[in-house]
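Asks: My structure is in input33.csv, and what it holds is CSV, C-alpha atoms and all ligand atoms:
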chain,number,residue,atom,x,y,z
A,1128,MET,CA,96.3,-46.1,-14.2
A,1129,GLY,CA,93.6,-45.8,-11.6
A,1130,ASN,CA,89.8,-45.9,-11.7
A,1131,VAL,CA,87.5,-43.3,-13.3
A,1132,GLN,CA,84.5,-42.2,-11.2
A,1133,ALA,CA,81.5,-41.0,-13.0
A,1134,VAL,CA,80.1,-37.6,-12.3
A,1135,THR,CA,76.9,-36.6,-14.1
A,1136,SER,CA,75.1,-33.3,-14.0
A,1137,PRO,CA,73.6,-31.2,-16.8
A,1138,SER,CA,75.5,-28.1,-15.5
A,1139,GLU,CA,78.9,-29.8,-15.8
A,1140,VAL,CA,81.1,-31.2,-18.6
A,1141,LYS,CA,83.5,-34.0,-17.9
A,1142,VAL,CA,87.1,-34.1,-19.1
A,1143,LEU,CA,89.5,-37.0,-18.6
A,1144,VAL,CA,93.1,-36.0,-17.8
A,1145,ILE,CA,95.7,-38.7,-18.5
A,1146,TYR,CA,98.8,-37.6,-16.5
A,1147,THR,CA,101.8,-39.4,-18.0
A,1148,GLY,CA,104.5,-37.3,-16.3
A,1149,GLY,CA,106.8,-34.5,-17.7
A,1150,THR,CA,108.1,-31.4,-16.1
A,1151,ILE,CA,104.6,-30.1,-15.2
A,1152,GLY,CA,104.4,-32.3,-12.1
A,1153,MET,CA,108.1,-32.7,-11.4
A,1154,THR,CA,109.8,-31.8,-8.1
A,1155,PRO,CA,113.5,-31.2,-7.6
A,1156,LYS,CA,115.3,-34.1,-6.0
A,1157,ASP,CA,119.1,-34.4,-5.6
A,1158,GLY,CA,119.6,-31.3,-7.8
A,1159,VAL,CA,117.5,-32.7,-10.8
A,1160,LEU,CA,113.9,-32.7,-11.7
A,1161,ALA,CA,112.0,-36.0,-11.6
A,1162,PRO,CA,108.3,-37.0,-11.4
A,1163,GLU,CA,106.8,-37.8,-8.0
A,1164,ALA,CA,104.0,-40.3,-7.7
A,1165,ASN,CA,100.7,-39.5,-6.1
A,1166,ALA,CA,101.5,-35.8,-5.5
A,1167,PHE,CA,99.9,-34.1,-8.5
A,1168,VAL,CA,96.2,-34.2,-7.7
A,1169,GLU,CA,96.8,-33.1,-4.1
A,1170,GLY,CA,98.9,-30.2,-5.4
A,1171,LEU,CA,96.2,-29.1,-7.9
A,1172,ARG,CA,93.6,-29.3,-5.2
A,1173,LYS,CA,95.3,-26.4,-3.4
A,1174,MET,CA,95.3,-24.2,-6.5
A,1175,PRO,CA,92.1,-22.0,-6.7
A,1176,MET,CA,92.6,-21.4,-10.5
A,1177,LEU,CA,92.4,-25.2,-11.1
A,1178,HIS,CA,90.0,-26.3,-8.3
A,1179,ASP,CA,87.0,-24.8,-6.7
A,1180,GLU,CA,87.0,-26.5,-3.3
A,1181,GLU,CA,83.7,-25.0,-2.2
A,1182,TYR,CA,81.8,-26.2,-5.3
A,1183,ALA,CA,83.5,-29.6,-5.1
A,1184,LYS,CA,82.2,-30.0,-1.5
A,1185,LYS,CA,78.7,-28.9,-2.7
A,1186,ILE,CA,78.6,-31.7,-5.3
A,1187,GLY,CA,80.4,-34.2,-3.2
A,1188,LEU,CA,83.7,-34.4,-5.0
A,1189,GLU,CA,86.0,-34.4,-2.0
A,1190,GLY,CA,88.8,-36.9,-1.5
A,1191,ASN,CA,89.0,-38.5,-4.9
A,1192,ASN,CA,90.9,-37.8,-8.1
A,1193,THR,CA,88.1,-35.7,-9.6
A,1194,LEU,CA,88.5,-31.9,-9.4
A,1195,VAL,CA,86.4,-29.0,-10.7
A,1196,LEU,CA,87.4,-25.7,-12.4
A,1197,PRO,CA,86.0,-22.4,-11.1
A,1198,ARG,CA,83.2,-21.0,-13.3
A,1199,ASP,CA,84.5,-19.6,-16.6
A,1200,SER,CA,82.8,-16.2,-17.0
A,1201,THR,CA,84.2,-15.7,-20.5
A,1202,ALA,CA,82.5,-18.8,-21.8
A,1203,SER,CA,79.1,-17.2,-21.7
A,1204,ARG,CA,80.0,-15.1,-24.7
A,1205,GLY,CA,80.4,-18.1,-27.0
A,1206,PHE,CA,82.7,-18.1,-30.0
A,1207,TRP,CA,82.5,-18.3,-33.8
A,1208,CYS,CA,84.9,-20.6,-35.6
A,1209,SER,CA,85.2,-20.3,-39.3
A,1210,SER,CA,87.0,-22.7,-41.4
A,1211,THR,CA,89.7,-20.8,-43.3
A,1212,VAL,CA,92.5,-23.3,-43.1
A,1213,GLU,CA,90.4,-26.1,-44.7
A,1214,GLU,CA,87.0,-26.4,-46.2
A,1215,LYS,CA,85.6,-28.3,-43.2
A,1216,THR,CA,82.7,-27.6,-40.9
A,1217,ILE,CA,81.9,-24.2,-39.7
A,1218,THR,CA,81.3,-24.8,-36.1
A,1219,ARG,CA,79.3,-22.6,-33.8
A,1220,LEU,CA,80.8,-23.3,-30.4
A,1221,THR,CA,78.0,-23.5,-28.0
A,1222,LYS,CA,77.6,-20.8,-25.3
A,1223,THR,CA,78.3,-22.6,-22.2
A,1224,ASN,CA,78.5,-21.8,-18.5
A,1225,LYS,CA,79.1,-25.4,-17.7
A,1226,ARG,CA,81.8,-26.2,-15.2
A,1227,VAL,CA,84.6,-28.4,-16.3
A,1228,VAL,CA,84.8,-31.3,-13.9
A,1229,TYR,CA,88.0,-33.3,-14.6
A,1230,THR,CA,89.2,-36.6,-13.4
A,1231,VAL,CA,93.0,-37.2,-13.3
A,1232,LEU,CA,94.3,-40.7,-14.2
A,1233,GLU,CA,97.9,-40.9,-13.1
A,1234,TYR,CA,100.3,-43.1,-15.1
A,1235,SER,CA,102.4,-45.5,-13.1
A,1236,PRO,CA,105.3,-45.1,-13.3
A,1237,LEU,CA,105.2,-41.4,-14.2
A,1238,LEU,CA,107.6,-40.7,-17.1
A,1239,ASP,CA,110.0,-38.0,-18.2
A,1240,SER,CA,108.9,-38.0,-21.8
A,1241,SER,CA,112.3,-39.1,-22.9
A,1242,ASN,CA,111.2,-42.5,-21.6
A,1243,ILE,CA,108.0,-42.7,-23.6
A,1244,SER,CA,107.8,-45.7,-25.9
A,1245,ILE,CA,105.4,-47.0,-28.6
A,1246,GLU,CA,103.7,-49.1,-25.9
A,1247,ASP,CA,102.8,-46.0,-24.0
A,1248,TRP,CA,101.1,-44.6,-27.1
A,1249,GLY,CA,99.0,-47.8,-27.1
A,1250,THR,CA,98.2,-47.5,-23.4
A,1251,ILE,CA,97.1,-43.9,-23.7
A,1252,GLY,CA,95.1,-44.6,-26.8
A,1253,LYS,CA,93.3,-47.6,-25.3
A,1254,GLU,CA,92.4,-45.6,-22.2
A,1255,ILE,CA,90.8,-43.0,-24.4
A,1256,GLU,CA,89.0,-45.6,-26.3
A,1257,LYS,CA,87.7,-47.2,-23.1
A,1258,GLU,CA,86.4,-43.9,-21.7
A,1259,TYR,CA,85.4,-42.3,-25.0
A,1260,GLU,CA,81.7,-42.2,-24.3
A,1261,ASN,CA,82.1,-41.1,-20.7
A,1262,PHE,CA,83.9,-37.8,-21.3
A,1263,LYS,CA,83.4,-34.6,-23.4
A,1264,GLY,CA,87.1,-34.4,-24.1
A,1265,PHE,CA,90.5,-35.6,-23.1
A,1266,VAL,CA,93.7,-33.9,-21.9
A,1267,ILE,CA,97.0,-35.7,-22.0
A,1268,LEU,CA,99.7,-34.2,-19.7
A,1269,HIS,CA,103.0,-35.1,-21.2
A,1270,GLY,CA,106.6,-34.0,-21.1
A,1271,THR,CA,107.5,-31.6,-23.8
A,1272,ASP,CA,110.6,-33.5,-25.1
A,1273,THR,CA,108.7,-36.1,-27.1
A,1274,MET,CA,105.2,-34.5,-27.0
A,1275,ALA,CA,105.2,-33.9,-30.8
A,1276,TYR,CA,105.9,-37.6,-31.5
A,1277,THR,CA,103.0,-38.7,-29.2
A,1278,ALA,CA,100.7,-36.1,-30.6
A,1279,SER,CA,101.5,-37.2,-34.2
A,1280,ALA,CA,101.2,-40.9,-33.3
A,1281,LEU,CA,97.8,-40.5,-31.6
A,1282,SER,CA,96.5,-38.5,-34.5
A,1283,PHE,CA,97.0,-41.5,-36.8
A,1284,MET,CA,96.0,-44.1,-34.2
A,1285,CYS,CA,92.6,-42.4,-33.4
A,1286,GLU,CA,90.4,-43.3,-36.3
A,1287,HIS,CA,87.1,-41.4,-36.8
A,1288,LEU,CA,87.7,-39.1,-33.9
A,1289,CYS,CA,84.9,-36.7,-33.0
A,1290,LYS,CA,86.1,-35.3,-29.7
A,1291,PRO,CA,89.1,-33.1,-28.6
A,1292,ILE,CA,92.2,-34.8,-27.4
A,1293,ILE,CA,94.6,-32.1,-26.2
A,1294,LEU,CA,98.2,-32.7,-25.2
A,1295,THR,CA,99.9,-30.2,-23.0
A,1296,GLY,CA,102.6,-29.9,-20.3
A,1297,SER,CA,105.0,-27.2,-19.2
A,1298,GLN,CA,108.5,-26.0,-19.2
A,1299,VAL,CA,108.6,-25.2,-15.5
A,1300,PRO,CA,106.8,-27.4,-12.8
A,1301,ILE,CA,103.3,-26.2,-12.1
A,1302,PHE,CA,103.9,-25.9,-8.4
A,1303,GLU,CA,106.7,-23.3,-8.9
A,1304,MET,CA,105.9,-19.6,-8.9
A,1305,LYS,CA,106.9,-18.7,-12.4
A,1306,SER,CA,105.4,-21.8,-14.1
A,1307,ASP,CA,103.6,-22.0,-17.5
A,1308,GLY,CA,101.8,-25.1,-16.2
A,1309,THR,CA,98.7,-23.4,-14.8
A,1310,ASP,CA,98.0,-21.5,-18.1
A,1311,ASN,CA,98.6,-24.6,-20.2
A,1312,LEU,CA,96.5,-27.0,-18.1
A,1313,LEU,CA,93.7,-24.5,-17.7
A,1314,GLY,CA,93.6,-23.7,-21.4
A,1315,ALA,CA,93.7,-27.4,-22.4
A,1316,LEU,CA,90.9,-28.2,-19.9
A,1317,LEU,CA,88.7,-25.4,-21.2
A,1318,ILE,CA,89.2,-26.3,-24.8
A,1319,ALA,CA,88.7,-30.0,-24.2
A,1320,GLY,CA,85.5,-29.3,-22.1
A,1321,GLN,CA,83.9,-26.5,-24.0
A,1322,PHE,CA,84.9,-26.7,-27.6
A,1323,GLU,CA,83.9,-29.0,-30.5
A,1324,ILE,CA,87.3,-29.8,-31.8
A,1325,PRO,CA,87.5,-33.3,-33.2
A,1326,GLU,CA,91.2,-33.5,-33.4
A,1327,VAL,CA,94.4,-34.5,-31.6
A,1328,CYS,CA,95.8,-31.1,-30.7
A,1329,LEU,CA,98.7,-29.7,-28.8
A,1330,TYR,CA,98.1,-26.7,-26.6
A,1331,PHE,CA,101.0,-24.7,-25.4
A,1332,CYS,CA,101.8,-21.0,-24.7
A,1333,LYS,CA,98.3,-19.9,-25.7
A,1334,LYS,CA,98.3,-21.6,-29.0
A,1335,LEU,CA,96.3,-24.6,-30.1
A,1336,PHE,CA,98.1,-26.6,-32.8
A,1337,ARG,CA,97.2,-29.5,-34.9
A,1338,GLY,CA,99.1,-32.3,-33.1
A,1339,ASN,CA,100.7,-33.8,-36.1
A,1340,ARG,CA,102.1,-30.4,-37.3
A,1341,VAL,CA,104.2,-29.5,-34.3
A,1342,THR,CA,107.8,-29.8,-33.4
A,1343,LYS,CA,109.6,-28.7,-30.3
A,1344,VAL,CA,111.8,-25.8,-31.2
A,1345,ASN,CA,112.9,-24.3,-27.8
A,1346,ALA,CA,114.3,-26.1,-24.8
A,1347,GLU,CA,114.2,-23.0,-22.6
A,1348,SER,CA,111.3,-20.7,-23.6
A,1349,PHE,CA,107.7,-21.1,-22.6
A,1350,ASP,CA,107.0,-20.8,-26.4
A,1351,ALA,CA,108.5,-24.2,-26.9
A,1352,PHE,CA,106.5,-25.5,-30.0
A,1353,SER,CA,106.2,-24.4,-33.5
A,1354,SER,CA,103.8,-25.5,-36.3
A,1355,PRO,CA,105.9,-24.3,-39.2
A,1356,ASN,CA,103.6,-25.2,-42.0
A,1357,LEU,CA,100.2,-24.7,-40.6
A,1358,ASP,CA,98.9,-21.8,-38.6
A,1359,PRO,CA,97.6,-22.5,-35.1
A,1360,LEU,CA,94.0,-23.8,-35.1
A,1361,ALA,CA,93.2,-21.3,-32.3
A,1362,VAL,CA,94.8,-18.7,-30.2
A,1363,ALA,CA,93.7,-18.2,-26.6
A,1364,ASP,CA,93.6,-14.6,-25.8
A,1365,VAL,CA,90.9,-12.9,-23.7
A,1366,GLU,CA,88.7,-15.1,-25.9
A,1367,ILE,CA,89.7,-18.3,-27.7
A,1368,SER,CA,89.3,-18.0,-31.5
A,1369,GLY,CA,90.3,-20.3,-34.3
A,1370,SER,CA,89.5,-22.2,-37.4
A,1371,GLY,CA,90.0,-25.4,-39.4
A,1372,TRP,CA,88.6,-28.2,-37.3
A,1373,ARG,CA,88.3,-31.6,-39.1
A,1374,ALA,CA,85.7,-34.2,-38.3
A,1375,ASP,CA,84.7,-37.6,-39.4
A,1376,HIS,CA,81.3,-38.6,-38.0
A,1377,THR,CA,80.8,-41.4,-40.4
A,1378,ALA,CA,82.1,-44.4,-38.5
A,1379,GLN,CA,82.7,-45.7,-35.0
A,1380,PHE,CA,85.7,-44.3,-33.1
A,1381,HIS,CA,88.5,-46.7,-32.9
A,1382,VAL,CA,92.1,-46.6,-31.6
A,1383,SER,CA,94.5,-48.6,-33.7
A,1384,THR,CA,97.4,-49.7,-31.4
A,1385,GLU,CA,99.1,-51.9,-34.1
A,1386,LEU,CA,102.3,-50.0,-34.8
A,1387,ASN,CA,105.4,-51.1,-36.6
A,1388,ARG,CA,108.7,-50.6,-34.7
A,1389,ASN,CA,111.0,-51.1,-37.7
A,1390,VAL,CA,111.1,-47.5,-38.6
A,1391,GLY,CA,113.9,-45.0,-38.5
A,1392,LEU,CA,115.1,-41.4,-39.0
A,1393,LEU,CA,118.2,-40.6,-41.0
A,1394,ARG,CA,119.6,-37.1,-41.5
A,1395,LEU,CA,121.7,-36.5,-44.5
A,1396,PHE,CA,124.9,-34.5,-44.1
A,1397,PRO,CA,127.7,-33.6,-46.5
A,1398,GLY,CA,130.1,-36.6,-46.5
A,1399,ILE,CA,127.7,-39.2,-45.1
A,1400,THR,CA,129.2,-42.5,-46.1
A,1401,THR,CA,127.4,-45.1,-48.2
A,1402,ALA,CA,128.4,-47.7,-45.6
A,1403,THR,CA,126.4,-45.7,-43.0
A,1404,VAL,CA,123.3,-45.5,-45.3
A,1405,THR,CA,123.5,-49.1,-46.3
A,1406,ALA,CA,123.9,-50.3,-42.7
A,1407,PHE,CA,120.9,-48.2,-41.7
A,1408,LEU,CA,118.7,-49.6,-44.4
A,1409,GLN,CA,119.4,-53.2,-43.6
A,1410,GLN,CA,116.6,-55.6,-42.4
A,1411,PRO,CA,114.6,-55.4,-40.2
A,1412,MET,CA,114.2,-51.8,-41.3
A,1413,GLU,CA,110.9,-51.4,-43.1
A,1414,GLY,CA,110.3,-47.6,-43.2
A,1415,VAL,CA,112.7,-44.6,-43.1
A,1416,VAL,CA,112.3,-40.9,-42.9
A,1417,LEU,CA,115.3,-39.5,-44.8
A,1418,GLU,CA,115.8,-35.9,-43.8
A,1419,THR,CA,117.2,-34.2,-46.9
A,1420,TYR,CA,118.4,-30.8,-47.8
A,1421,GLY,CA,116.2,-27.8,-48.7
A,1422,SER,CA,113.3,-28.7,-50.9
A,1423,GLY,CA,114.1,-32.4,-50.7
A,1424,ASN,CA,117.6,-32.6,-52.2
A,1425,ALA,CA,120.5,-35.0,-52.0
A,1426,PRO,CA,123.9,-35.3,-53.7
A,1427,ASN,CA,123.4,-36.4,-57.3
A,1428,ASN,CA,127.1,-36.9,-57.7
A,1429,ARG,CA,127.0,-39.9,-55.4
A,1430,PRO,CA,125.9,-42.9,-57.5
A,1431,ASP,CA,127.0,-45.3,-54.7
A,1432,LEU,CA,124.7,-43.6,-52.2
A,1433,LEU,CA,121.8,-43.3,-54.6
A,1434,ALA,CA,122.2,-47.0,-55.5
A,1435,ALA,CA,122.0,-47.9,-51.8
A,1436,LEU,CA,118.7,-46.0,-51.5
A,1437,LYS,CA,117.3,-47.6,-54.7
A,1438,GLU,CA,118.3,-51.1,-53.5
A,1439,ALA,CA,116.4,-50.5,-50.3
A,1440,THR,CA,113.2,-49.3,-52.0
A,1441,ASP,CA,113.5,-52.2,-54.5
A,1442,ASN,CA,113.5,-54.4,-51.4
A,1443,GLU,CA,110.2,-52.8,-50.2
A,1444,VAL,CA,111.6,-50.4,-47.6
A,1445,ILE,CA,109.4,-47.3,-47.8
A,1446,ILE,CA,111.6,-44.2,-47.7
A,1447,MET,CA,110.0,-40.8,-47.1
A,1448,ASN,CA,111.7,-37.7,-48.3
A,1449,CYS,CA,111.3,-35.0,-45.7
A,1450,THR,CA,113.2,-31.7,-45.5
A,1451,GLN,CA,115.6,-30.8,-42.8
A,1452,CYS,CA,114.3,-27.3,-43.0
A,1453,LEU,CA,111.9,-26.2,-40.3
A,1454,LYS,CA,109.5,-24.6,-42.8
A,1455,GLY,CA,108.7,-25.5,-46.4
A,1456,THR,CA,108.0,-28.5,-48.5
A,1457,VAL,CA,109.7,-31.1,-50.6
A,1458,SER,CA,109.3,-30.4,-54.4
A,1459,ALA,CA,111.3,-32.0,-57.2
A,1460,SER,CA,112.5,-28.6,-58.5
A,1461,TYR,CA,116.2,-29.5,-58.6
A,1462,ALA,CA,118.0,-32.3,-60.3
A,1463,THR,CA,119.3,-33.1,-56.8
A,1464,GLY,CA,115.7,-33.8,-55.8
A,1465,GLN,CA,114.7,-35.7,-58.9
A,1466,VAL,CA,117.3,-38.3,-58.2
A,1467,LEU,CA,115.5,-39.3,-55.0
A,1468,ASN,CA,112.2,-39.7,-56.9
A,1469,ASP,CA,114.2,-41.9,-59.3
A,1470,ALA,CA,115.5,-44.0,-56.4
A,1471,GLY,CA,111.9,-44.7,-55.3
A,1472,LEU,CA,111.5,-42.3,-52.4
A,1473,ILE,CA,108.1,-40.9,-51.6
A,1474,SER,CA,107.7,-37.1,-51.1
A,1475,GLY,CA,106.9,-36.2,-47.5
A,1476,GLY,CA,105.6,-32.8,-48.7
A,1477,ASP,CA,105.6,-30.4,-45.7
A,1478,MET,CA,105.3,-33.1,-43.0
A,1479,THR,CA,107.3,-32.9,-39.9
A,1480,SER,CA,109.7,-35.8,-39.3
A,1481,GLU,CA,107.7,-36.6,-36.2
A,1482,ALA,CA,104.5,-37.0,-38.3
A,1483,ALA,CA,106.2,-38.9,-41.1
A,1484,LEU,CA,107.8,-41.3,-38.7
A,1485,SER,CA,104.7,-42.1,-36.7
A,1486,LYS,CA,102.6,-42.3,-40.0
A,1487,LEU,CA,105.1,-44.9,-41.3
A,1488,SER,CA,104.7,-46.8,-38.0
A,1489,TYR,CA,100.9,-46.7,-38.3
A,1490,VAL,CA,100.7,-47.5,-42.0
A,1491,LEU,CA,103.4,-50.3,-42.0
A,1492,ALA,CA,101.4,-52.1,-39.3
A,1493,LYS,CA,98.4,-52.5,-41.7
A,1494,LYS,CA,98.8,-56.2,-42.4
A,1495,GLU,CA,95.9,-56.3,-44.8
A,1496,LEU,CA,97.7,-53.9,-47.2
A,1497,ASP,CA,100.4,-54.8,-49.7
A,1498,VAL,CA,103.5,-52.6,-50.1
A,1499,ASN,CA,102.0,-50.6,-53.0
A,1500,ALA,CA,98.8,-49.8,-51.0
A,1501,LYS,CA,101.0,-48.7,-48.0
A,1502,LYS,CA,103.1,-46.5,-50.3
A,1503,LYS,CA,99.9,-45.0,-51.6
A,1504,MET,CA,98.6,-44.3,-48.1
A,1505,MET,CA,101.9,-42.6,-47.2
A,1506,GLY,CA,101.4,-40.2,-50.0
A,1507,GLN,CA,97.9,-39.3,-48.9
A,1508,ASP,CA,96.7,-36.8,-46.3
A,1509,LEU,CA,95.3,-39.0,-43.5
A,1510,ARG,CA,94.8,-36.5,-40.7
A,1511,GLY,CA,95.7,-33.1,-42.0
A,1512,GLU,CA,99.4,-33.8,-41.4
A,1513,VAL,CA,100.4,-32.6,-44.9
A,1514,SER,CA,99.3,-29.9,-47.3
A,1515,TYR,CA,98.6,-32.1,-50.3
A,1516,GLY,CA,96.3,-34.9,-51.3
A,1517,ALA,CA,92.8,-35.8,-50.3
A,1518,LYS,CA,91.9,-36.6,-46.8
A,1519,THR,CA,91.1,-40.3,-46.0
A,1520,ASN,CA,90.4,-42.0,-42.7
B,1,LIG,N1,112.3,-33.6,-19.8
B,1,LIG,C1,110.9,-33.1,-19.7
B,1,LIG,C2,110.0,-34.1,-20.4
B,1,LIG,O1,109.9,-34.1,-21.6
B,1,LIG,C3,110.8,-31.7,-20.3
B,1,LIG,C4,109.5,-31.0,-20.1
B,1,LIG,O2,108.5,-31.6,-19.9
B,1,LIG,N2,109.5,-29.7,-20.2
B,1,LIG,O3,109.5,-34.9,-19.7
Spell out the structure here as structure tokens.

Replies:
Amino acid sequence: MGNVQAVTSPSEVKVLVIYTGGTIGMTPKDGVLAPEANAFVEGLRKMPMLHDEEYAKKIGLEGNNTLVLPRDSTASRGFWCSSTVEEKTITRLTKTNKRVVYTVLEYSPLLDSSNISIEDWGTIGKEIEKEYENFKGFVILHGTDTMAYTASALSFMCEHLCKPIILTGSQVPIFEMKSDGTDNLLGALLIAGQFEIPEVCLYFCKKLFRGNRVTKVNAESFDAFSSPNLDPLAVADVEISGSGWRADHTAQFHVSTELNRNVGLLRLFPGITTATVTAFLQQPMEGVVLETYGSGNAPNNRPDLLAALKEATDNEVIIMNCTQCLKGTVSASYATGQVLNDAGLISGGDMTSEAALSKLSYVLAKKELDVNAKKKMMGQDLRGEVSYGAKTN
């Protein structure tokens, strides 16, 4: 990624945009969409909604990777945010007429998000940590395909976060006429620059979601993401209104890039063989999200399969029980759910699989903890990713 130039003025707020790739900046080539290096900032510069050329000239921003939004007249009204989702802070969002000045750091190579890996989460996290004091907020431009995984992972990796980190992207390239990219980028920049939201969030199609609660549900619609078990934190209409921010001002911000790769996702289906399950649970596997039926159920007429699960948990593999259903929670209401408790699985509550998987990766990497402490942590609410337990950081 490139260098960040400092811009300081009391009438401006600075946002860092980390552009990793995704459809938002793609161009068609040989009949398919692919990212194009060094074209994004120059394209944005020509879009009056996203760059005020005249103001940029006035403050000497020409010819670099820092752009400036036009003045936001709605911002002068200010907004109230009340905490209805959780008992956290009630935040009066400051009235601000400040310009959002944003610096774009372009990833090299740019990635379709299908190519994102655990190393990329570390690179993004470290960049935010390095620039944390220099910017009011952060926007991560990311492909939609794996955005929910990255949002979830960053939510755990960012410890004691007090600033907004907003992931967004688009379903149609921003330089095409009918794109959702302009709205999504503009909304994310305004939220990151003008709002006090100390969370990793995902902003898409006018909705601001908690990042570790989302899942991609539509490959074709602009309304691509859903947060099935938690209402959006905010909705951007004429004004932006919302609730439920979480903050931890008690300790120094830190990005933990230690992540365990020996994790996996396994979806139950009628007739799954014990051989498949056993093979999946072999070493080096250390943590598994088992996607079960309904409220966390599995066949209780399959002693062979249950024994395979039990053997793995006895061997210190942590297995999280998460439902295959889009909405709802795991609860041991059926005998078919109780058998999984008996086999040593931990309830994933209403966590998405994306959140449970990245949480496993984060928790399993904590070398200072023994397996029981790791299991305990998996059962706690760390970043608002689940609707039970006490929040810890
Ligand atoms: N394949 C693209 C990506 O995830 C999809 C998108 O961004 N809309 O990078």

Asks: Restrict the calculation to all atoms listed in the file, then for each residue of chain A with any atom at most 7 Å from an atom of ligand LIG 1 (chain B) give the closest atom pair and their distance in Å to one decimal, rows by chain and rising residue number, as a tab-separated table.

Replies:
residue	atom	partner	partner_atom	distance
A:Gly1148	CA	B:LIG1	O3	6.5
A:Gly1149	CA	B:LIG1	O3	3.4
A:Thr1150	CA	B:LIG1	O2	3.8
A:Ile1151	CA	B:LIG1	O2	6.3
A:Leu1238	CA	B:LIG1	O3	6.6
A:Asp1239	CA	B:LIG1	O3	3.5
A:Ser1240	CA	B:LIG1	O3	3.8
A:Ser1241	CA	B:LIG1	O1	5.7
A:His1269	CA	B:LIG1	O2	6.6
A:Gly1270	CA	B:LIG1	O2	3.3
A:Thr1271	CA	B:LIG1	O2	4.0
A:Asp1272	CA	B:LIG1	O1	3.6
A:Thr1273	CA	B:LIG1	O1	6.0
A:Gly1296	CA	B:LIG1	O2	6.2
A:Ser1297	CA	B:LIG1	N2	5.2
A:Gln1298	CA	B:LIG1	N2	4.0
A:Val1299	CA	B:LIG1	N2	6.6

Asks: State, in Å with one decimal place, the distance from CA of Glu1256 in chain A to CA of Phe1380 in chain A.

Replies: 7.7 Å

Asks: Find the residues with any atom within 9 Å of (105.4, -17.4, -17.9); use all atoms listed in the file and the coordinates as given in the file, and write the answer as a ChimeraX atom specification.

Replies: /A:1299,1305-1308,1310,1332,1348-1349

Asks: What is the CA of Asp1431 in chain A-CA of Glu1443 in chain A distance in Å, reported with one decimal?

Replies: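 Distance reported for this atom pair: 18.9 Å.
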
Asks: Give me, as a list in words, all polymer residues having an atom no more than 8 Å from Ile1292 in chain A, counting all atoms listed in the file and skipping those fewer than 3 positions away in the same chain.

Replies: Gly1264, Phe1265, Val1266, Ile1267, Ala1319, Pro1325, Glu1326, Val1327 and Cys1328 of chain A

Asks: For CA of Ile1324 in chain A and CA of Cys1289 in chain A, quote the distance in Å rounded to one decimal.

Replies: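 Computing it gives 7.4 Å between the two atoms.
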
Asks: Which residue, A:Lys1156, A:Arg1429, A:Lys1343, A:Lys1253, has the smallest gap to Phe1331 in chain A when you use all atoms listed in the file?

Replies: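 Selected residue with least distance to Phe1331 in chain A: A:Lys1343.
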
Asks: Report as an NGL selection string all protein, DNA and RNA residues lying within 9 Å of range 1488-1493 of chain A, evaluated on only C-alpha atoms, omitting residues in the same chain fewer than 3 positions from it.

Replies: :A and (1280 or 1283-1284 or 1383-1390 or 1413-1414 or 1445 or 1483-1485 or 1496-1498 or 1501-1502 or 1504-1505)

Asks: Kindly indicate which residue among A:Glu1254, A:Glu1303, A:Glu1495, A:Asp1477 lies nearest to Leu1281 in chain A, using all atoms listed in the file for the distances.

Replies: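 The answer is A:Glu1254, which sits nearest to Leu1281 in chain A.
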
Asks: Could you give me, as a list of chain:residue names, the residues that sit within 8 Å of (125.3, -43.1, -49.2) in the file's coordinates, counting all atoms listed in the file?

Replies: A:Ile1399, A:Thr1400, A:Thr1401, A:Ala1402, A:Thr1403, A:Val1404, A:Thr1405, A:Arg1429, A:Asp1431, A:Leu1432, A:Leu1433, A:Ala1435, A:Leu1436

Asks: Please determine, counting all atoms listed in the file, which residue among A:Val1416, A:Gly1398, A:Asp1247, A:Ala1406 has the shortest atom-to-atom distance to Asn1428 in chain A.

Replies: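 So, comparing all the options, the nearest one is A:Gly1398.
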
Asks: Identify which of the residues A:Asp1364, A:Glu1189, A:Asp1508, A:Glu1258 lies closest to Lys1334 in chain A, counting only C-alpha atoms when measuring atom-to-atom distances.

Replies: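 Closest to Lys1334 in chain A of all the choices is A:Asp1364.
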
Asks: Counting all atoms listed in the file, figure out which residue out of A:Thr1440, A:Thr1479, A:Thr1147, A:Asn1468 gets nearest to Glu1418 in chain A.

Replies: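 Looking at the shortest contact to Glu1418 in chain A, the residue is A:Thr1479.
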
Asks: Give the centre and edge lengths of an axis-aligned box, in Å to one decimal, that holds all listed atoms of range 1487-1499 of chain A with 5 Å on each side, as AutoDock Vina command-line options.

Replies:
--center_x 100.5 --center_y -50.6 --center_z -45.5 --size_x 19.2 --size_y 21.4 --size_z 25.0

Asks: Excluding Asn1356 in chain A and residues on its chain fewer than 5 positions from it, collect all residues at most 8 Å away from it, counting only C-alpha atoms, and give them as a PyMOL selection string.

Replies: chain A and resi 1340+1454-1455+1477

Asks: I'd like to know which of A:Phe1302, A:Ala1363, A:His1381, A:Ser1136 is closest to Ala1315 in chain A, using all atoms listed in the file.

Replies: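 That would be A:Ala1363, the residue with the smallest distance to Ala1315 in chain A.
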